[in-house]
Amino acid sequence: MVDNSSSPFQSPVVPEMYDGDKKISFACYKGIQCFNACCKSIDITLTPYDIVRLKQRLGMTSWDFLREYTVPYELEKDGIAAVKFKTRGETTECQFMTEEGCSVYEDRPTACRYYPVALIAMRRQDEYTDTNSFAVVKEEHCLGHREERELTIDEYRAEQGLEDYDELARGWRQLILKKKSSGPAIGKPSLRSRQLFFMASYDMDRFREFVRSEGFHRSFKIDDELYQTLLEDDVELMKFGSRFLQQVLFGEETIPVTEEAREALEERERQAAREQAESSEEKAYDPASEPVDIA
Ligand code: SF4
Ligand code: SF4
């Protein structure tokens with residue numbers, strides 16, 4: 001099962017794109033000849049909400065889940081941290097696959113729910129919101145395409161519980177699209193930004209520790225009710241993580257900052273402006289234009 005859930009343009013072949021009302025003919029069920037074939041060769045990127053659902057189901061902390069079931073990688077060349085499912089031992093199969101099918105079926109990730117449909121999320125530089133289209137992935141091993149069950153892509157998404165999954169991954173997808181559409185001018189994010197992105201996207205228990213920390217409270221003003229919610233609710237913390245990243249990565253003030261943090265930020269901006277002015281003065285100085293002392 002190849003994950004094309006949000007980024008099919010990794011392939012040089014641009015797939016045919018459809019709206020949600022496109023009809024497909026597809027069925028997957030226990031007993032179909034190819035049962036489990038898609039879970040034997042996986043390449044599945046996890047969304048933040050996928051991780052929350054799975055770590056809750058398995059009763060693990062996010063960092064234990066990440067260590068045991070995932071591998072980190074860089075999404076394209078944008079310096080965006082992402083995580084994939086780790087496969088079982090030396091094989092290419094999913095660790096959750098059993099003879100009976102998926103052992104985490106109710107909490108299976110977005111990519112598994114979508115397959116054989118792929119979500120294509122796009123955002124243009126001049127647009128604030130993303131737009132979604134879909135593609136249909138036809139792999140030889142998947143016999144579900146031969147079944148005579150017609151339904152639209154939107155009906156298929158609803159059947160697979162994808163409306164909630166997509167809604168809850170929206171903030172994270174928008175951050176990625178924004179980074180991609182900002183192009184090379186913004187450059188590769190610093191190590192610190194990449195670490196913050198990883199923590200606030202995928203590692204909710206560590207992010208919660210960060211929200212509890214003195215450094216966080218010295219920087220951000222959040223009311224008691226929200227603070228309490230963030231301490232108790234992984235999904236709310238995940239949504240807050242997207243707001244936090246919008247602020248630290250793109251400078252959009254989505255969370256009010258303290259006076260202390262604002263003064264420090266203004267001082268950093270003044271310092272950066274001074275450094276830039278000094279460097280332009282150095283560049284403007286051209287020794288060849290100076291008179292040469294020949295005496
Ligand atoms: S999580 Fe379940 S559906 Fe997804 S690849 Fe693994 S076994 Fe298959
Ligand atoms: S029909 Fe396709 S999705 Fe269903 S088990 Fe077979 S290969 Fe997997």
# chains A, B, ... in the order shown; residues from 1 in each chain; ligands from 1
>>> residues_near_ligand(ligand="ligand 2", cutoff="6 Å", atoms="only C-alpha atoms and all ligand atoms", output="list in words")
Cys28, Cys34, Phe35, Asn36, Ala37, Cys38, His141, Cys142, Leu143 and Gly144 of chain A
>>> write_last_selection(atoms="N, CA and C atoms", output="tab-separated table (two decimals), in the first residue's frame")
chain	number	residue	atom	x	y	z
A	28	CYS	N	-13.93	-3.85	-0.85
A	28	CYS	CA	-12.88	-4.59	-0.15
A	28	CYS	C	-13.54	-5.30	1.02
A	34	CYS	N	-7.51	-11.14	-2.64
A	34	CYS	CA	-6.27	-10.39	-2.35
A	34	CYS	C	-6.23	-9.90	-0.90
A	35	PHE	N	-7.05	-10.45	-0.03
A	35	PHE	CA	-7.15	-9.95	1.35
A	35	PHE	C	-5.76	-9.80	1.98
A	36	ASN	N	-5.48	-8.65	2.55
A	36	ASN	CA	-4.19	-8.32	3.20
A	36	ASN	C	-3.06	-7.98	2.23
A	37	ALA	N	-3.27	-8.16	0.92
A	37	ALA	CA	-2.15	-7.92	-0.02
A	37	ALA	C	-1.62	-6.49	0.12
A	38	CYS	N	-2.52	-5.53	0.32
A	38	CYS	CA	-2.11	-4.13	0.40
A	38	CYS	C	-1.29	-3.85	1.67
A	141	HIS	N	-2.13	-5.81	-7.63
A	141	HIS	CA	-2.52	-6.80	-6.62
A	141	HIS	C	-3.92	-6.54	-6.05
A	142	CYS	N	-4.44	-5.34	-6.24
A	142	CYS	CA	-5.71	-4.99	-5.61
A	142	CYS	C	-6.89	-5.35	-6.51
A	143	LEU	N	-7.60	-6.39	-6.11
A	143	LEU	CA	-8.70	-6.89	-6.95
A	143	LEU	C	-10.02	-6.19	-6.65
A	144	GLY	N	-10.01	-5.30	-5.67
A	144	GLY	CA	-11.24	-4.60	-5.30
A	144	GLY	C	-11.83	-3.79	-6.44
>>> closest_atom_pairs(of="chain A", to="ligand 1", cutoff="7 Å", atoms="only C-alpha atoms and all ligand atoms", output="Markdown table")
| residue | atom | partner | partner_atom_place_in_ligand_line | distance |
| --- | --- | --- | --- | --- |
| A:Met1 | CA | ligand 1 | 5 (S) | 6.9 |
| A:Asn36 | CA | ligand 1 | 8 (Fe) | 6.9 |
| A:Cys38 | CA | ligand 1 | 8 (Fe) | 6.7 |
| A:Cys39 | CA | ligand 1 | 8 (Fe) | 4.2 |
| A:Ile42 | CA | ligand 1 | 5 (S) | 6.2 |
| A:Cys94 | CA | ligand 1 | 6 (Fe) | 4.6 |
| A:Gln95 | CA | ligand 1 | 6 (Fe) | 6.4 |
| A:Phe96 | CA | ligand 1 | 7 (S) | 4.4 |
| A:Met97 | CA | ligand 1 | 7 (S) | 3.7 |
| A:Gly101 | CA | ligand 1 | 7 (S) | 6.4 |
| A:Cys102 | CA | ligand 1 | 2 (Fe) | 4.0 |
| A:Ser103 | CA | ligand 1 | 2 (Fe) | 6.3 |
| A:Val104 | CA | ligand 1 | 2 (Fe) | 5.8 |
| A:Tyr105 | CA | ligand 1 | 2 (Fe) | 5.7 |
| A:Arg108 | CA | ligand 1 | 1 (S) | 4.8 |
| A:Pro109 | CA | ligand 1 | 1 (S) | 6.1 |
| A:Cys112 | CA | ligand 1 | 4 (Fe) | 4.6 |
>>> write_last_selection(atoms="N, CA and C atoms", output="short mmCIF file (atom, residue, chain, number, x, y, z; two decimals), in the first residue's frame")
data_model
loop_
_atom_site.label_atom_id
_atom_site.label_comp_id
_atom_site.auth_asym_id
_atom_site.auth_seq_id
_atom_site.Cartn_x
_atom_site.Cartn_y
_atom_site.Cartn_z
N MET A 1 0.86 -1.19 0.00
CA MET A 1 0.00 0.00 0.00
C MET A 1 0.90 1.24 0.00
N ASN A 36 -5.48 -8.65 2.55
CA ASN A 36 -4.19 -8.32 3.20
C ASN A 36 -3.06 -7.98 2.23
N CYS A 38 -2.52 -5.53 0.32
CA CYS A 38 -2.11 -4.13 0.40
C CYS A 38 -1.29 -3.85 1.67
N CYS A 39 -1.45 -4.67 2.69
CA CYS A 39 -0.76 -4.42 3.96
C CYS A 39 0.59 -5.16 4.01
N ILE A 42 4.11 -1.87 2.51
CA ILE A 42 3.56 -0.55 2.88
C ILE A 42 4.59 0.58 2.83
N CYS A 94 3.12 -4.49 7.26
CA CYS A 94 2.72 -3.67 8.40
C CYS A 94 2.75 -4.50 9.68
N GLN A 95 3.22 -3.87 10.75
CA GLN A 95 3.29 -4.58 12.05
C GLN A 95 1.90 -4.90 12.61
N PHE A 96 0.88 -4.23 12.10
CA PHE A 96 -0.46 -4.46 12.64
C PHE A 96 -1.27 -5.46 11.81
N MET A 97 -0.65 -6.02 10.79
CA MET A 97 -1.37 -6.98 9.96
C MET A 97 -1.41 -8.35 10.65
N GLY A 101 -6.73 -9.87 9.48
CA GLY A 101 -6.83 -8.50 8.93
C GLY A 101 -6.12 -7.51 9.84
N CYS A 102 -6.57 -6.28 9.81
CA CYS A 102 -5.90 -5.21 10.55
C CYS A 102 -6.25 -5.28 12.05
N SER A 103 -5.22 -5.32 12.89
CA SER A 103 -5.48 -5.44 14.34
C SER A 103 -5.83 -4.10 14.99
N VAL A 104 -5.72 -3.01 14.22
CA VAL A 104 -6.08 -1.70 14.77
C VAL A 104 -7.14 -1.05 13.88
N TYR A 105 -7.97 -1.88 13.28
CA TYR A 105 -8.86 -1.44 12.20
C TYR A 105 -9.63 -0.14 12.54
N ARG A 108 -7.20 2.67 12.27
CA ARG A 108 -6.21 2.61 11.18
C ARG A 108 -5.96 4.03 10.63
N PRO A 109 -4.75 4.24 10.12
CA PRO A 109 -4.39 5.59 9.67
C PRO A 109 -5.15 6.07 8.44
N CYS A 112 -4.56 4.30 5.06
CA CYS A 112 -5.22 2.99 4.95
C CYS A 112 -6.70 3.18 4.65
#
>>> atom_distance(atom1="CA of Leu151 (chain A)", atom2="CA of Thr47 (chain A)")
25.9 Å
>>> closest_atom_pairs(of="region 148-248 of chain A", to="region 53-67 of chain A", cutoff="7 Å", atoms="only C-alpha atoms", output="CSV")
residue,atom,partner,partner_atom,distance
A:Asp203,CA,A:Ser62,CA,5.2
A:Met204,CA,A:Ser62,CA,6.0
A:Asp205,CA,A:Ser62,CA,5.7
>>> select_by_dssp(residues="region 25-231 of chain A", states="alpha helix (DSSP H)", output="ChimeraX atom specification")
/A:48-58,62-69,110-114,153-159,162-182,191-202,204-212,214-219,224-231
>>> write_last_selection(atoms="C-alpha atoms", output="mmCIF file, in the first residue's frame")
data_model
loop_
_atom_site.group_PDB
_atom_site.id
_atom_site.type_symbol
_atom_site.label_atom_id
_atom_site.label_comp_id
_atom_site.auth_asym_id
_atom_site.auth_seq_id
_atom_site.Cartn_x
_atom_site.Cartn_y
_atom_site.Cartn_z
ATOM 1 C CA PRO A 48 -0.667 13.837 13.763
ATOM 2 C CA TYR A 49 -4.222 12.602 14.282
ATOM 3 C CA ASP A 50 -3.271 9.074 13.121
ATOM 4 C CA ILE A 51 -0.619 9.041 15.841
ATOM 5 C CA VAL A 52 -3.004 10.288 18.531
ATOM 6 C CA ARG A 53 -5.557 7.592 17.648
ATOM 7 C CA LEU A 54 -2.990 4.805 17.554
ATOM 8 C CA LYS A 55 -1.108 5.759 20.707
ATOM 9 C CA GLN A 56 -4.405 6.017 22.601
ATOM 10 C CA ARG A 57 -5.555 2.667 21.276
ATOM 11 C CA LEU A 58 -2.284 1.002 22.266
ATOM 12 C CA SER A 62 3.607 9.310 21.927
ATOM 13 C CA TRP A 63 7.366 8.943 22.232
ATOM 14 C CA ASP A 64 7.107 5.181 22.937
ATOM 15 C CA PHE A 65 4.750 4.802 19.982
ATOM 16 C CA LEU A 66 7.066 6.785 17.700
ATOM 17 C CA ARG A 67 10.078 4.741 18.779
ATOM 18 C CA GLU A 68 8.415 1.372 18.400
ATOM 19 C CA TYR A 69 6.225 1.804 15.330
ATOM 20 C CA THR A 110 -5.688 8.005 7.053
ATOM 21 C CA ALA A 111 -3.709 6.418 4.206
ATOM 22 C CA CYS A 112 -5.223 2.987 4.947
ATOM 23 C CA ARG A 113 -8.726 4.475 5.016
ATOM 24 C CA TYR A 114 -8.205 6.298 1.728
ATOM 25 C CA ILE A 153 -15.431 9.207 -3.794
ATOM 26 C CA ASP A 154 -17.304 11.330 -1.231
ATOM 27 C CA GLU A 155 -19.478 8.345 -0.296
ATOM 28 C CA TYR A 156 -16.353 6.218 0.013
ATOM 29 C CA ARG A 157 -14.694 8.843 2.243
ATOM 30 C CA ALA A 158 -17.767 8.986 4.493
ATOM 31 C CA GLU A 159 -17.878 5.183 4.713
ATOM 32 C CA LEU A 162 -12.410 10.177 6.590
ATOM 33 C CA GLU A 163 -14.325 13.403 7.080
ATOM 34 C CA ASP A 164 -13.186 13.652 10.728
ATOM 35 C CA TYR A 165 -9.679 12.466 9.901
ATOM 36 C CA ASP A 166 -9.294 15.080 7.176
ATOM 37 C CA GLU A 167 -10.738 17.839 9.306
ATOM 38 C CA LEU A 168 -8.382 17.056 12.170
ATOM 39 C CA ALA A 169 -5.338 16.921 9.896
ATOM 40 C CA ARG A 170 -6.225 20.183 8.167
ATOM 41 C CA GLY A 171 -3.993 22.443 10.312
ATOM 42 C CA TRP A 172 -0.978 20.183 9.798
ATOM 43 C CA ARG A 173 -1.573 19.859 6.030
ATOM 44 C CA GLN A 174 -1.876 23.605 5.698
ATOM 45 C CA LEU A 175 1.474 24.094 7.430
ATOM 46 C CA ILE A 176 3.120 21.687 4.993
ATOM 47 C CA LEU A 177 1.447 23.246 1.965
ATOM 48 C CA LYS A 178 2.385 26.693 3.156
ATOM 49 C CA LYS A 179 6.003 25.681 3.542
ATOM 50 C CA LYS A 180 5.991 24.100 0.081
ATOM 51 C CA SER A 181 4.279 27.017 -1.602
ATOM 52 C CA SER A 182 6.602 29.538 0.050
ATOM 53 C CA LEU A 191 17.300 22.630 13.258
ATOM 54 C CA ARG A 192 15.346 24.242 16.115
ATOM 55 C CA SER A 193 12.314 24.871 13.845
ATOM 56 C CA ARG A 194 12.419 21.297 12.584
ATOM 57 C CA GLN A 195 12.579 19.970 16.145
ATOM 58 C CA LEU A 196 9.624 22.121 17.167
ATOM 59 C CA PHE A 197 7.679 20.971 14.116
ATOM 60 C CA PHE A 198 8.317 17.329 14.985
ATOM 61 C CA MET A 199 7.357 17.742 18.621
ATOM 62 C CA ALA A 200 4.210 19.865 18.103
ATOM 63 C CA SER A 201 3.018 17.654 15.234
ATOM 64 C CA TYR A 202 3.781 14.102 16.305
ATOM 65 C CA MET A 204 2.007 15.107 21.932
ATOM 66 C CA ASP A 205 3.281 13.924 25.308
ATOM 67 C CA ARG A 206 6.557 15.769 24.867
ATOM 68 C CA PHE A 207 4.707 18.827 23.544
ATOM 69 C CA ARG A 208 2.519 18.737 26.662
ATOM 70 C CA GLU A 209 5.669 18.840 28.817
ATOM 71 C CA PHE A 210 6.778 21.855 26.796
ATOM 72 C CA VAL A 211 3.406 23.576 27.338
ATOM 73 C CA ARG A 212 3.845 22.962 31.071
ATOM 74 C CA GLU A 214 8.355 27.791 32.533
ATOM 75 C CA GLY A 215 9.807 28.906 29.201
ATOM 76 C CA PHE A 216 6.436 28.433 27.502
ATOM 77 C CA HIS A 217 4.596 30.453 30.162
ATOM 78 C CA ARG A 218 7.164 33.244 29.948
ATOM 79 C CA SER A 219 6.451 33.473 26.213
ATOM 80 C CA ASP A 224 -6.597 28.713 32.565
ATOM 81 C CA GLU A 225 -9.427 26.886 30.849
ATOM 82 C CA LEU A 226 -7.463 26.317 27.647
ATOM 83 C CA TYR A 227 -4.354 25.378 29.633
ATOM 84 C CA GLN A 228 -6.291 22.731 31.558
ATOM 85 C CA THR A 229 -7.740 21.348 28.307
ATOM 86 C CA LEU A 230 -4.280 21.088 26.786
ATOM 87 C CA LEU A 231 -3.078 19.104 29.776
#
>>> closest_residue(among="A:Glu253, A:Glu260, A:Asp19, A:Glu275", to="Asn132 (chain A)", atoms="only C-alpha atoms")
A:Asp19
